[in-house]
Amino acid sequence: MSANSSATPITKILDGKVALITGGASGIGESTTRLFVRHGAKVLIVDVQDDFGHSVCKDIGSDSISYIHCDVTNESNVEKAMDMAISKYGKLDIMFNNTGISSNIGSQI
């Protein structure tokens with residue numbers, strides 16, 4: 001069996017860790033979410049894309065993942081998300097800040 005085989009067991013390097021991933025419902029954040037869960041982490045997806053966030057949770061289908069709507073430009077939303085992670089999983093070990101924030105301001109260069 002080759003080292004690249006999908007049957008190769010994965011070392012659970014994040015086993016027992018709890019991660020909050022902003023922007024975790026799509027793109028790089030979604031890929032990070034899936035990787036963290038595969039490596040044993042419990043993950044709270046934090047995003048404004050509710051349909052995508054719930055879809056990722058359903059697709060992974062594990063008690064190790066959950067979603068909360070959160071606008072990271074709103075400090076109380078972020079505090080609520082952190083509180084949820086601690087309440088649900090008992091702690092918070094990792095905060096992966098992946099969210100991109102765009103604005104209508106033109107380039108200043």
# chains A, B, ... in the order shown; residues from 1 in each chain; ligands from 1
call {"tool": "select_by_dssp", "arguments": {"residues": "chain A", "states": "alpha helix (DSSP H)", "output": "number ranges by chain"}}
result
A: 27-38, 50-60, 75-89
call {"tool": "write_last_selection", "arguments": {"atoms": "C-alpha atoms", "output": "PDB file, in the first residue's frame"}}
result
ATOM      1  CA  GLY A  27     -13.172  28.200   0.505  1.00  0.00           C
ATOM      2  CA  ILE A  28      -9.962  27.929   2.523  1.00  0.00           C
ATOM      3  CA  GLY A  29     -11.947  28.060   5.774  1.00  0.00           C
ATOM      4  CA  GLU A  30     -14.077  25.077   4.760  1.00  0.00           C
ATOM      5  CA  SER A  31     -10.993  23.093   3.740  1.00  0.00           C
ATOM      6  CA  THR A  32      -9.353  23.960   7.064  1.00  0.00           C
ATOM      7  CA  THR A  33     -12.511  22.930   8.922  1.00  0.00           C
ATOM      8  CA  ARG A  34     -12.571  19.533   7.200  1.00  0.00           C
ATOM      9  CA  LEU A  35      -8.842  18.998   7.844  1.00  0.00           C
ATOM     10  CA  PHE A  36      -9.111  19.928  11.527  1.00  0.00           C
ATOM     11  CA  VAL A  37     -12.060  17.542  12.056  1.00  0.00           C
ATOM     12  CA  ARG A  38     -10.239  14.760  10.201  1.00  0.00           C
ATOM     13  CA  ASP A  50     -25.630  30.333   7.131  1.00  0.00           C
ATOM     14  CA  ASP A  51     -26.643  27.909   4.347  1.00  0.00           C
ATOM     15  CA  PHE A  52     -23.024  26.978   3.630  1.00  0.00           C
ATOM     16  CA  GLY A  53     -22.156  26.654   7.324  1.00  0.00           C
ATOM     17  CA  HIS A  54     -25.063  24.315   8.032  1.00  0.00           C
ATOM     18  CA  SER A  55     -24.296  22.368   4.841  1.00  0.00           C
ATOM     19  CA  VAL A  56     -20.683  21.737   5.893  1.00  0.00           C
ATOM     20  CA  CYS A  57     -21.853  20.530   9.316  1.00  0.00           C
ATOM     21  CA  LYS A  58     -24.404  18.201   7.721  1.00  0.00           C
ATOM     22  CA  ASP A  59     -21.882  16.896   5.191  1.00  0.00           C
ATOM     23  CA  ILE A  60     -19.296  16.094   7.877  1.00  0.00           C
ATOM     24  CA  GLU A  75     -17.253  42.382  18.702  1.00  0.00           C
ATOM     25  CA  SER A  76     -20.288  41.053  20.589  1.00  0.00           C
ATOM     26  CA  ASN A  77     -20.861  38.458  17.822  1.00  0.00           C
ATOM     27  CA  VAL A  78     -17.283  37.243  18.227  1.00  0.00           C
ATOM     28  CA  GLU A  79     -17.629  37.114  22.009  1.00  0.00           C
ATOM     29  CA  LYS A  80     -20.851  35.094  21.635  1.00  0.00           C
ATOM     30  CA  ALA A  81     -19.078  32.635  19.299  1.00  0.00           C
ATOM     31  CA  MET A  82     -16.191  32.187  21.739  1.00  0.00           C
ATOM     32  CA  ASP A  83     -18.651  31.648  24.597  1.00  0.00           C
ATOM     33  CA  MET A  84     -20.508  29.046  22.515  1.00  0.00           C
ATOM     34  CA  ALA A  85     -17.310  27.110  21.804  1.00  0.00           C
ATOM     35  CA  ILE A  86     -16.415  27.033  25.493  1.00  0.00           C
ATOM     36  CA  SER A  87     -19.964  26.185  26.550  1.00  0.00           C
ATOM     37  CA  LYS A  88     -20.370  23.385  23.989  1.00  0.00           C
ATOM     38  CA  TYR A  89     -16.880  21.852  24.101  1.00  0.00           C
TER      39      TYR A  89
END
call {"tool": "residues_around", "arguments": {"residues": "range 92-102 of chain A", "least_positions_apart": "6", "cutoff": "7 Å", "atoms": "only C-alpha atoms", "output": "count of residues only"}}
result
10
call {"tool": "closest_residue", "arguments": {"among": "A:Val72, A:Ser66, A:Ala25, A:Gly16", "to": "Gln49 in chain A", "atoms": "only C-alpha atoms"}}
result
A:Ala25
